[in-house]
Amino acid sequence: MSTLTPDTSTIQAADFKSDIHNDWCPGCGDFGVVSAVQMALAKLQVPPHRVAVISGIGCAGKTAHYMNAYSFHTLHGRVMPSVTAMKLANHDLTVIGVGGDGDAYGIGGGHFVAGGRRNLDITYVVMNNDVYALTKGQASPTIAKGQKTKSMSEASIMDAINPILLALACGYTFVARGYALDTKYLSEIIAQAIQHRGSALVDVLQTCPTYNDLHTKGFYAGQIEGQPRLYRLDQSGYDPVVHNPDDAVEIAQKKAQALLKSQEPGGRIPLGVYYKLDVPTYEDHLKAKIPGLQQKPLAELDLYHRDITANLQELM
Amino acid sequence: MAAHFCWMIGGPQGSGLNVSAEIFAKALSRSGYYVFGQIEYHSNIKGKHSAYKLRISDEPVASHVDAVHLLSSLDEETLIGDLYHEFPAHRGHVHEVAAGGAILYDVEQKRFVGTIQRKDIFLWEMPYAELLDRALTEAGKPGQARAYRIMTNTLALGASAGAVGFDFEPVATAIRDSFGAKAGKVADLNVNAARYAYEYAKERFAGQLRFSLPAAPAKREQIMVKGTQAVGMAKIKAGVGLQTYYPISPATDESVYLEGYQSEQNLLVLQTEDEVSAIDAAVMGAHGGVRASTSTSGPGFSLMPEGLGFAAITEAPGPVVMLYQRGGPSTGLPTRQEQGDLLFALHAGQGDIPRIVMAPGDIEECFYDTFDAFNYADRYQLPVIVLVDKHLASCYQTLPPFKTSHLKIDRGVTKLANTNGDYQRYAFTEDGVSPRSVPGQAGGIFWSTSDEHDPRGHITEGIGNRLAMMEKRMGKVGLAAREIPEGKKYRFFGPAAPQRIPVLAVCWGSTKGAMHDALHRADPHHTRCAALHIRLMNPFPAEAVKNILARAERVVCFDGNYSGQLAQVIRADTGVSIHHCVVKYDGRPFSEDEIMVALEAAKADAPERLVISQGRVVEEGHGNREFEEMLVLRGSNPKMLAPMVPLPPGYNK
């Protein structure tokens with residue numbers, strides 16, 4: 001996160017709520033996610049006008065309208081290109097991308113990969129409920145092989161994408177997982193993601209009470225061999241942080257550890273930060289290359305009095 | 001009367017022939033000549049055939065001609081094409097040499113020279129390896145001519161300059177400049193090698209050609225510039241902050257040009273993962289407060305309509321999309337000319353998308369139109385497409401340096417004052433343009449969506465709002481039509497109204513140069529033929545075009561595509577049908593000669609549709625006949641069946 005001086009003494013989560021009617025289904029997990037984002041921003045005391053929220057299409061895409069911030073409800077799958085450009089235009093803004101699992105890992109898959117490679121200082125919150133809900137519950141890329149929700153006509157015969165693994169492979173430097181109905185902990189994870197300098201993915205396990213009858217509130221609240229299905233990594237002695245970013249072996253070990261945690265045998269699901277690596281961001285590299293960016297964000301530079309005499313002379 | 005000389009160099013890609021041509025052009029330009037350079041190349045890195053033509057004149061030129069006066073050949077393919085191939089694609093360039101012209105060839109090509117049956121041209125042999133060895137020996141590297149074979153292009157340049165009797169000093173200076181400040185010894189070696197070839201050729205061949213370089217006009221300040229450079233400079237001048245792109249021919253050169261100025265001009269060039277990302281990032285960059293643009297060709301633009309619609313419905317101030325047309329459909333002809341994307345640029349995307357589509361006709365217009373495009377994007381808050389093409393991208397032209405002192409940046413209506421939270425990004429206004437804020441600005445928070453929305457930017461499907469928003473967005477195109485000066489919409493070369501026009505030639509985009517030069521040569525006062533070049537494609541200057549067409553006895557429309565796309569647009573927007581459509585879809589730009597030939601052919605009783613290729617009017621089906629002719633030609637010259645490098649089995653059946 002960029003260094004910001006709040007211009008009001010206390011910013012509340014309510015300050016990030018817009019006044020329009022929310023049309024998500026009653027009981028939708030999305031409510032928890034948008035609340036968590038608002039709580040995280042309040043916790044970090046970022047003024048609403050210094051925040052850009054960029055969402056895709058689908059139920060999750062409507063998030064932009066429910067936030068009081070500079071909000072862009074873009075195109076299906078195109079969250080990452082938009083997030084990238086907004087951050088490049090103004091690197092002092094807190095830029096948050098929000099999308100669904102189909103949006104991020106399906107139609108936006110190529111952009112998701114590039115987003116990890118760049119390592120811009122942005123946060124991507126993905127609402128993962130295994131279905132394309134706004135089109136009435138078709139299988140999304142995160143539904144497992146053999147699974148069939150009540151909205152699907154037959155079970156999936158494709159393997160599911162593992163978002164944690166995918167993010168690690170792409171180069172995201174902060175990879176975490178939250179649960180929509182544990183809003184308080186989710187807001188802590190999102191706050192950490194925003195504070196992380198680099199591309200942060202928060203994959204949020206999410207219920208869809210209308211179409212997903214497999215991964216319900218009851219499912220996530222369930223137990224496996226007497227242990228709760230969901231548990232917190234930070235309460236189980238897990239250390240996600242790469243302490244020496246110059247140590248390639250440590251990086252590989254921390255990735256391997258996250259990889260194992262993301263597919264824990266028996267079906268328990270860890271929540272929290274899986275992996276964190278602090279290395280120079282894309283903006284850092286740009287600042288080294290483009291001197292003006294050391295002074296001001298691109299959008300604030302005066303680029304409108306350029307002289308091209310030298311360009312013309314080169315051609316004489 | 002203007003005089004010109006046409007020089008061509010042909011050889012394999014990777015042999016440096018374009019470097020030689022550009023060095024020669026620079027030397028000529030600095031000596032006062034007007035030069036127009038045109039390159040034809042394959043989608044290939046090394047080995048396939050490429051040819052570079054320079055038209056050298058004593059007055060301004062904006063096009064190439066078909067007849068070559070001196071051909072410098074770096075390989076046998078320049079002489080015989082690929083006739084030895086099972087499916088030959090070209091017959092070389094010997095037939096393009098004018099009677100009384102000459103071919104400079106390397107002694108190594110001797111056996112192919114024997115197949116040339118023309119008696120009306122000079123065949124001049126050059127011992128390039130021997131001359132190179134002399135230069136290498138002086139540099140302390142005797143006997144290494146084979147290893148330094150790549151320098152043959154420099155020798156060919158020297159030989160050409162010598163054969164036409166041009167001075168060596170400007171050539172030597174231009175060679176040195178091409179190596180930059182550092183490469184002293186290498187530059188010396190190249191200059192020496194060129195000098196040996198220059199002297200050898202001058203002594204033996206100078207003065208024999210039927211054609212000669214015209215006398216050099218007085219020296220003046222001029223640049224030697226190609227389209228991608230003109231566009232790049234315009235973008236810098238216009239204050240572009242973010243350029244996005246995904247590599248594609250022939251657009252990439254522009255982005256690479258801009259990459260070279262990132263540090264100096266605080267300019268960010270983002271290479272994206274695909275063109276979907278390229279346009280989306282450019283749209284969001286524009287929303288984010290910078291002037292943003294992207295640059296692509298047809299296959300990339302095919303991925304962009306989604307983003308174009310997003311820019312339009314969210315009323316982003318941009319982006320500016322440079323669309324360098326090339327031969328389609330699909331991957332088509334990646335490095336060849338076509339004006340095939342006019343209708344695509346006008347209609348890409350679902351629904352009615354407000355957009356401005358510009359089509360500069362020459363390199364100068366590339367510069368000024370690109371600059372204006374950013375003002376339009378900001379003023380009208382919509383995407384602006386600038387249609388250019390392979391020809392404009394890669395042709396070189398001598399021009400006076402672009403004037404910039406009169407250029408004004410207009411960032412449109414921005415919201416600067418705090419509105420106490422009641423700001424509406426999509427407020428209905430008299431002219432349809434809503435004041436815009438920039439993310440980060442206090443009091444300017446707004447919502448923006450690809451869905452239909454209300455003035456605050458929230459989704460609504462209400463009927464009244466829908467009507468009003470459609471009218472607001474589309475109305476901005478009408479506003480642009482009223483505000484953009486007539487002089488930037490089209491150019492008419494002909495008599496003032498109400499005088500009648502016997503023949504009116506209509507064209508668009510890069511055909512302008514050839515059209516201008518052809519009429520300048522044949523009918524400079526437009527007593528028989530006038531020309532109309534259309535430069536703004538949307539909003540289309542329908543009234544003006546209609547009025548000019550109404551004065552013409554016969555209208556001939558030139559389209560560098562199969563289906564006569566400009567003629568279709570004219571008919572759709574003015575209701576006027578064109579008498580003759582001259583179409584060209586052979587992947588090559590119109591030459592000055594082809595314009596003349598077509599105008600000559602488009603008599604009253606000529607067919608409605610005339611196909612032009614390789615300097616003449618051809619009938620459909622001509623391509624097959626040409627292929628058969630090449631097979632016949634091959635059959636009569638058995639030597640041609642054996643290429644220098646043996647081909648894999650399966651060829652030469």
# chains A, B, ... in the order shown; residues from 1 in each chain; ligands from 1
$ select_by_dssp --residues "region 99-204 of chain B" --states "strand (DSSP E or B)" --output "mmCIF file with C-alpha atoms, in the first residue's frame"
data_model
loop_
_atom_site.group_PDB
_atom_site.id
_atom_site.type_symbol
_atom_site.label_atom_id
_atom_site.label_comp_id
_atom_site.auth_asym_id
_atom_site.auth_seq_id
_atom_site.Cartn_x
_atom_site.Cartn_y
_atom_site.Cartn_z
ATOM 1 C CA ALA B 99 14.215 -0.029 -71.102
ATOM 2 C CA GLY B 100 17.548 1.742 -70.913
ATOM 3 C CA GLY B 101 17.826 0.944 -67.221
ATOM 4 C CA ALA B 102 20.352 -1.327 -65.551
ATOM 5 C CA ILE B 103 20.875 -4.119 -63.089
ATOM 6 C CA LEU B 104 23.855 -4.169 -60.755
ATOM 7 C CA TYR B 105 24.542 -7.727 -59.673
ATOM 8 C CA ASP B 106 27.183 -9.644 -57.806
ATOM 9 C CA PHE B 122 22.377 -2.968 -68.986
ATOM 10 C CA LEU B 123 23.669 -5.831 -66.911
ATOM 11 C CA TRP B 124 26.488 -4.608 -64.711
ATOM 12 C CA GLU B 125 28.586 -7.103 -62.825
ATOM 13 C CA MET B 126 30.215 -6.236 -59.510
#
$ closest_atom_pairs --of "chain B" --to "chain A" --cutoff "7 Å" --atoms "only C-alpha atoms" --output "JSON lines"
{"residue": "B:Gln222", "atom": "CA", "partner": "A:Met316", "partner_atom": "CA", "distance": 6.0}
{"residue": "B:Ile223", "atom": "CA", "partner": "A:Met316", "partner_atom": "CA", "distance": 4.5}
{"residue": "B:Met224", "atom": "CA", "partner": "A:Leu315", "partner_atom": "CA", "distance": 5.5}
{"residue": "B:Val225", "atom": "CA", "partner": "A:Leu315", "partner_atom": "CA", "distance": 6.4}
{"residue": "B:Met233", "atom": "CA", "partner": "A:Ile308", "partner_atom": "CA", "distance": 6.9}
{"residue": "B:Lys237", "atom": "CA", "partner": "A:Arg306", "partner_atom": "CA", "distance": 5.6}
{"residue": "B:Ala238", "atom": "CA", "partner": "A:Tyr304", "partner_atom": "CA", "distance": 6.5}
{"residue": "B:Gly239", "atom": "CA", "partner": "A:Leu303", "partner_atom": "CA", "distance": 4.8}
{"residue": "B:Gly241", "atom": "CA", "partner": "A:Leu298", "partner_atom": "CA", "distance": 6.7}
{"residue": "B:Gln262", "atom": "CA", "partner": "A:Ile290", "partner_atom": "CA", "distance": 6.3}
{"residue": "B:Ser263", "atom": "CA", "partner": "A:Ile290", "partner_atom": "CA", "distance": 4.5}
{"residue": "B:Asn266", "atom": "CA", "partner": "A:Ile290", "partner_atom": "CA", "distance": 5.6}
{"residue": "B:Glu273", "atom": "CA", "partner": "A:Ala114", "partner_atom": "CA", "distance": 6.3}
{"residue": "B:Ser277", "atom": "CA", "partner": "A:Pro81", "partner_atom": "CA", "distance": 5.2}
{"residue": "B:Asp280", "atom": "CA", "partner": "A:Pro81", "partner_atom": "CA", "distance": 5.9}
{"residue": "B:Ala281", "atom": "CA", "partner": "A:Ala85", "partner_atom": "CA", "distance": 4.8}
{"residue": "B:Ala282", "atom": "CA", "partner": "A:Ala85", "partner_atom": "CA", "distance": 7.0}
{"residue": "B:Met284", "atom": "CA", "partner": "A:Ser82", "partner_atom": "CA", "distance": 5.3}
{"residue": "B:Gly285", "atom": "CA", "partner": "A:Ala85", "partner_atom": "CA", "distance": 5.0}
{"residue": "B:Gly288", "atom": "CA", "partner": "A:Met86", "partner_atom": "CA", "distance": 5.4}
{"residue": "B:Gly289", "atom": "CA", "partner": "A:Ala299", "partner_atom": "CA", "distance": 5.0}
{"residue": "B:Val290", "atom": "CA", "partner": "A:Ala299", "partner_atom": "CA", "distance": 5.0}
{"residue": "B:Pro401", "atom": "CA", "partner": "A:Leu312", "partner_atom": "CA", "distance": 6.4}
{"residue": "B:Pro439", "atom": "CA", "partner": "A:Tyr70", "partner_atom": "CA", "distance": 5.9}
{"residue": "B:Gly440", "atom": "CA", "partner": "A:Arg50", "partner_atom": "CA", "distance": 4.7}
{"residue": "B:Gln441", "atom": "CA", "partner": "A:His49", "partner_atom": "CA", "distance": 6.3}
{"residue": "B:Ala442", "atom": "CA", "partner": "A:His49", "partner_atom": "CA", "distance": 5.7}
{"residue": "B:Ile445", "atom": "CA", "partner": "A:Tyr70", "partner_atom": "CA", "distance": 5.1}
{"residue": "B:Phe446", "atom": "CA", "partner": "A:Tyr70", "partner_atom": "CA", "distance": 5.4}
{"residue": "B:Trp447", "atom": "CA", "partner": "A:Ser71", "partner_atom": "CA", "distance": 4.8}
{"residue": "B:Ser448", "atom": "CA", "partner": "A:Phe72", "partner_atom": "CA", "distance": 4.8}
{"residue": "B:Thr449", "atom": "CA", "partner": "A:His73", "partner_atom": "CA", "distance": 4.4}
{"residue": "B:Ser450", "atom": "CA", "partner": "A:Thr74", "partner_atom": "CA", "distance": 5.6}
{"residue": "B:His458", "atom": "CA", "partner": "A:His65", "partner_atom": "CA", "distance": 6.5}
$ residues_around --residues "Leu201 (chain A)" --least-positions-apart "4" --cutoff "9 Å" --atoms "only C-alpha atoms" --output "list in words"
Gly116, Ile122, Thr123, Tyr124, Val125, Val126, Pro163, Ile164, Ala167, Tyr172, Thr173, Phe174, Val175, Ala176, Arg177 and Ala193 of chain A
$ write_last_selection --atoms "N, CA and C atoms" --output "PDB file, in the first residue's frame"
ATOM      1  N   GLY A 116      -0.212 -11.541 -12.195  1.00  0.00           N
ATOM      2  CA  GLY A 116       0.754 -12.081 -11.243  1.00  0.00           C
ATOM      3  C   GLY A 116       2.179 -11.759 -11.654  1.00  0.00           C
ATOM      4  N   ILE A 122      -1.365  -4.043  -6.108  1.00  0.00           N
ATOM      5  CA  ILE A 122      -2.828  -4.047  -6.181  1.00  0.00           C
ATOM      6  C   ILE A 122      -3.383  -5.234  -5.400  1.00  0.00           C
ATOM      7  N   THR A 123      -4.685  -5.210  -5.173  1.00  0.00           N
ATOM      8  CA  THR A 123      -5.342  -6.311  -4.453  1.00  0.00           C
ATOM      9  C   THR A 123      -6.477  -6.843  -5.311  1.00  0.00           C
ATOM     10  N   TYR A 124      -6.529  -8.153  -5.428  1.00  0.00           N
ATOM     11  CA  TYR A 124      -7.582  -8.769  -6.237  1.00  0.00           C
ATOM     12  C   TYR A 124      -8.378  -9.710  -5.328  1.00  0.00           C
ATOM     13  N   VAL A 125      -9.642  -9.363  -5.123  1.00  0.00           N
ATOM     14  CA  VAL A 125     -10.524 -10.176  -4.273  1.00  0.00           C
ATOM     15  C   VAL A 125     -11.437 -10.979  -5.190  1.00  0.00           C
ATOM     16  N   VAL A 126     -11.339 -12.291  -5.118  1.00  0.00           N
ATOM     17  CA  VAL A 126     -12.143 -13.137  -6.005  1.00  0.00           C
ATOM     18  C   VAL A 126     -13.204 -13.888  -5.199  1.00  0.00           C
ATOM     19  N   PRO A 163      -7.051 -22.078  -7.301  1.00  0.00           N
ATOM     20  CA  PRO A 163      -6.647 -20.671  -7.398  1.00  0.00           C
ATOM     21  C   PRO A 163      -5.342 -20.371  -6.664  1.00  0.00           C
ATOM     22  N   ILE A 164      -5.124 -21.056  -5.553  1.00  0.00           N
ATOM     23  CA  ILE A 164      -3.902 -20.796  -4.769  1.00  0.00           C
ATOM     24  C   ILE A 164      -2.675 -21.213  -5.582  1.00  0.00           C
ATOM     25  N   ALA A 167      -2.170 -18.924  -8.597  1.00  0.00           N
ATOM     26  CA  ALA A 167      -1.596 -17.631  -8.210  1.00  0.00           C
ATOM     27  C   ALA A 167      -0.102 -17.773  -7.919  1.00  0.00           C
ATOM     28  N   TYR A 172       2.007 -14.084  -8.111  1.00  0.00           N
ATOM     29  CA  TYR A 172       1.410 -13.227  -7.072  1.00  0.00           C
ATOM     30  C   TYR A 172       2.282 -13.328  -5.830  1.00  0.00           C
ATOM     31  N   THR A 173       2.529 -12.183  -5.213  1.00  0.00           N
ATOM     32  CA  THR A 173       3.455 -12.197  -4.074  1.00  0.00           C
ATOM     33  C   THR A 173       2.722 -12.212  -2.736  1.00  0.00           C
ATOM     34  N   PHE A 174       1.408 -12.227  -2.791  1.00  0.00           N
ATOM     35  CA  PHE A 174       0.598 -12.387  -1.577  1.00  0.00           C
ATOM     36  C   PHE A 174      -0.585 -13.236  -1.986  1.00  0.00           C
ATOM     37  N   VAL A 175      -0.677 -14.425  -1.402  1.00  0.00           N
ATOM     38  CA  VAL A 175      -1.741 -15.351  -1.793  1.00  0.00           C
ATOM     39  C   VAL A 175      -2.480 -15.779  -0.538  1.00  0.00           C
ATOM     40  N   ALA A 176      -3.785 -15.493  -0.513  1.00  0.00           N
ATOM     41  CA  ALA A 176      -4.548 -15.788   0.701  1.00  0.00           C
ATOM     42  C   ALA A 176      -5.920 -16.314   0.352  1.00  0.00           C
ATOM     43  N   ARG A 177      -6.549 -16.893   1.378  1.00  0.00           N
ATOM     44  CA  ARG A 177      -7.906 -17.405   1.180  1.00  0.00           C
ATOM     45  C   ARG A 177      -8.751 -16.991   2.381  1.00  0.00           C
ATOM     46  N   ALA A 193      -3.737  -7.750   2.641  1.00  0.00           N
ATOM     47  CA  ALA A 193      -3.501  -7.796   1.193  1.00  0.00           C
ATOM     48  C   ALA A 193      -3.286  -6.390   0.655  1.00  0.00           C
TER      49      ALA A 193
END
$ closest_residue --among "B:Leu242, B:Cys395, B:Val357, B:Leu536" --to "Ala25 (chain B)" --atoms "only C-alpha atoms"
B:Cys395
$ atom_distance --atom1 "CA of Ala602 (chain B)" --atom2 "CA of Gly560 (chain B)"
16.3 Å
$ residues_around --residues "Thr296 (chain B)" --least-positions-apart "3" --cutoff "10 Å" --atoms "only C-alpha atoms" --output "short mmCIF file (atom, residue, chain, number, x, y, z; two decimals) with N, CA, C and O atoms, in the first residue's frame"
data_model
loop_
_atom_site.label_atom_id
_atom_site.label_comp_id
_atom_site.auth_asym_id
_atom_site.auth_seq_id
_atom_site.Cartn_x
_atom_site.Cartn_y
_atom_site.Cartn_z
N THR B 244 -0.38 1.30 -24.83
CA THR B 244 -0.41 -0.14 -24.60
C THR B 244 -0.32 -0.83 -25.95
O THR B 244 -0.77 -0.29 -26.96
N TYR B 245 0.27 -2.01 -25.97
CA TYR B 245 0.30 -2.75 -27.24
C TYR B 245 0.63 -4.22 -27.00
O TYR B 245 1.16 -4.60 -25.97
N TYR B 246 0.27 -5.00 -27.99
CA TYR B 246 0.70 -6.39 -28.08
C TYR B 246 1.39 -6.49 -29.43
O TYR B 246 0.86 -5.99 -30.42
N PRO B 247 2.58 -7.10 -29.50
CA PRO B 247 3.34 -7.05 -30.76
C PRO B 247 2.56 -7.58 -31.97
O PRO B 247 1.99 -8.66 -31.90
N ILE B 248 2.54 -6.80 -33.03
CA ILE B 248 1.89 -7.22 -34.27
C ILE B 248 2.40 -6.36 -35.43
O ILE B 248 2.56 -5.15 -35.30
N SER B 249 2.64 -7.02 -36.56
CA SER B 249 3.02 -6.29 -37.77
C SER B 249 1.75 -5.72 -38.39
O SER B 249 0.72 -6.38 -38.38
N PRO B 250 1.79 -4.56 -38.96
CA PRO B 250 2.93 -3.63 -39.04
C PRO B 250 2.84 -2.48 -38.03
O PRO B 250 3.37 -1.40 -38.28
N ALA B 251 2.18 -2.72 -36.89
CA ALA B 251 1.94 -1.63 -35.93
C ALA B 251 3.07 -1.46 -34.92
O ALA B 251 3.26 -0.38 -34.36
N THR B 252 3.81 -2.54 -34.69
CA THR B 252 4.73 -2.56 -33.54
C THR B 252 5.78 -1.46 -33.57
O THR B 252 6.16 -0.94 -32.52
N GLU B 254 5.69 1.53 -34.12
CA GLU B 254 5.28 2.75 -33.44
C GLU B 254 5.50 2.63 -31.92
O GLU B 254 6.04 3.53 -31.29
N SER B 255 5.08 1.51 -31.36
CA SER B 255 5.25 1.32 -29.91
C SER B 255 6.73 1.22 -29.54
O SER B 255 7.15 1.73 -28.50
N GLU B 275 -4.44 -8.25 -27.04
CA GLU B 275 -5.03 -6.97 -27.43
C GLU B 275 -6.30 -6.66 -26.64
O GLU B 275 -6.73 -5.50 -26.60
N ALA B 278 -4.82 -4.85 -24.01
CA ALA B 278 -4.27 -3.59 -24.51
C ALA B 278 -5.33 -2.51 -24.57
O ALA B 278 -5.12 -1.38 -24.11
N ILE B 279 -6.50 -2.85 -25.10
CA ILE B 279 -7.52 -1.79 -25.19
C ILE B 279 -8.14 -1.52 -23.82
O ILE B 279 -8.38 -0.37 -23.46
N PRO B 299 -5.76 -8.23 -36.97
CA PRO B 299 -5.99 -9.34 -36.05
C PRO B 299 -6.09 -8.90 -34.59
O PRO B 299 -6.85 -9.47 -33.81
N GLY B 300 -5.35 -7.89 -34.22
CA GLY B 300 -5.43 -7.37 -32.86
C GLY B 300 -6.71 -6.57 -32.65
O GLY B 300 -7.37 -6.70 -31.62
N PHE B 301 -7.07 -5.81 -33.66
CA PHE B 301 -8.30 -5.01 -33.55
C PHE B 301 -9.52 -5.92 -33.43
O PHE B 301 -10.52 -5.55 -32.83
N SER B 302 -9.39 -7.14 -34.01
CA SER B 302 -10.48 -8.11 -33.89
C SER B 302 -10.76 -8.47 -32.44
O SER B 302 -11.85 -8.92 -32.11
N MET B 304 -10.58 -6.24 -30.03
CA MET B 304 -10.82 -4.99 -29.32
C MET B 304 -12.25 -4.44 -29.29
O MET B 304 -12.52 -3.53 -28.53
N VAL B 321 -7.08 4.70 -30.75
CA VAL B 321 -6.69 3.38 -31.26
C VAL B 321 -6.13 3.54 -32.67
O VAL B 321 -6.83 3.94 -33.58
N MET B 322 -4.83 3.24 -32.81
CA MET B 322 -4.24 3.27 -34.14
C MET B 322 -4.45 1.91 -34.77
O MET B 322 -4.02 0.89 -34.20
N LEU B 323 -5.09 1.87 -35.90
CA LEU B 323 -5.34 0.60 -36.58
C LEU B 323 -4.56 0.57 -37.89
O LEU B 323 -4.96 1.22 -38.86
N TYR B 324 -3.46 -0.15 -37.89
CA TYR B 324 -2.63 -0.29 -39.09
C TYR B 324 -3.18 -1.47 -39.89
O TYR B 324 -2.94 -2.62 -39.54
N GLN B 325 -3.88 -1.17 -40.97
CA GLN B 325 -4.47 -2.24 -41.77
C GLN B 325 -3.39 -3.02 -42.52
O GLN B 325 -2.37 -2.45 -42.94
#
$ closest_atom_pairs --of "region 273-311 of chain A" --to "region 242-258 of chain A" --cutoff "7 Å" --atoms "only C-alpha atoms" --output "JSON lines"
{"residue": "A:Tyr274", "atom": "CA", "partner": "A:Ala258", "partner_atom": "CA", "distance": 5.2}
{"residue": "A:Tyr275", "atom": "CA", "partner": "A:Ala258", "partner_atom": "CA", "distance": 6.3}
{"residue": "A:Lys276", "atom": "CA", "partner": "A:Val242", "partner_atom": "CA", "distance": 6.1}
{"residue": "A:Leu277", "atom": "CA", "partner": "A:Val242", "partner_atom": "CA", "distance": 5.2}
{"residue": "A:Asp278", "atom": "CA", "partner": "A:Pro245", "partner_atom": "CA", "distance": 6.6}
{"residue": "A:Val279", "atom": "CA", "partner": "A:Pro245", "partner_atom": "CA", "distance": 6.6}
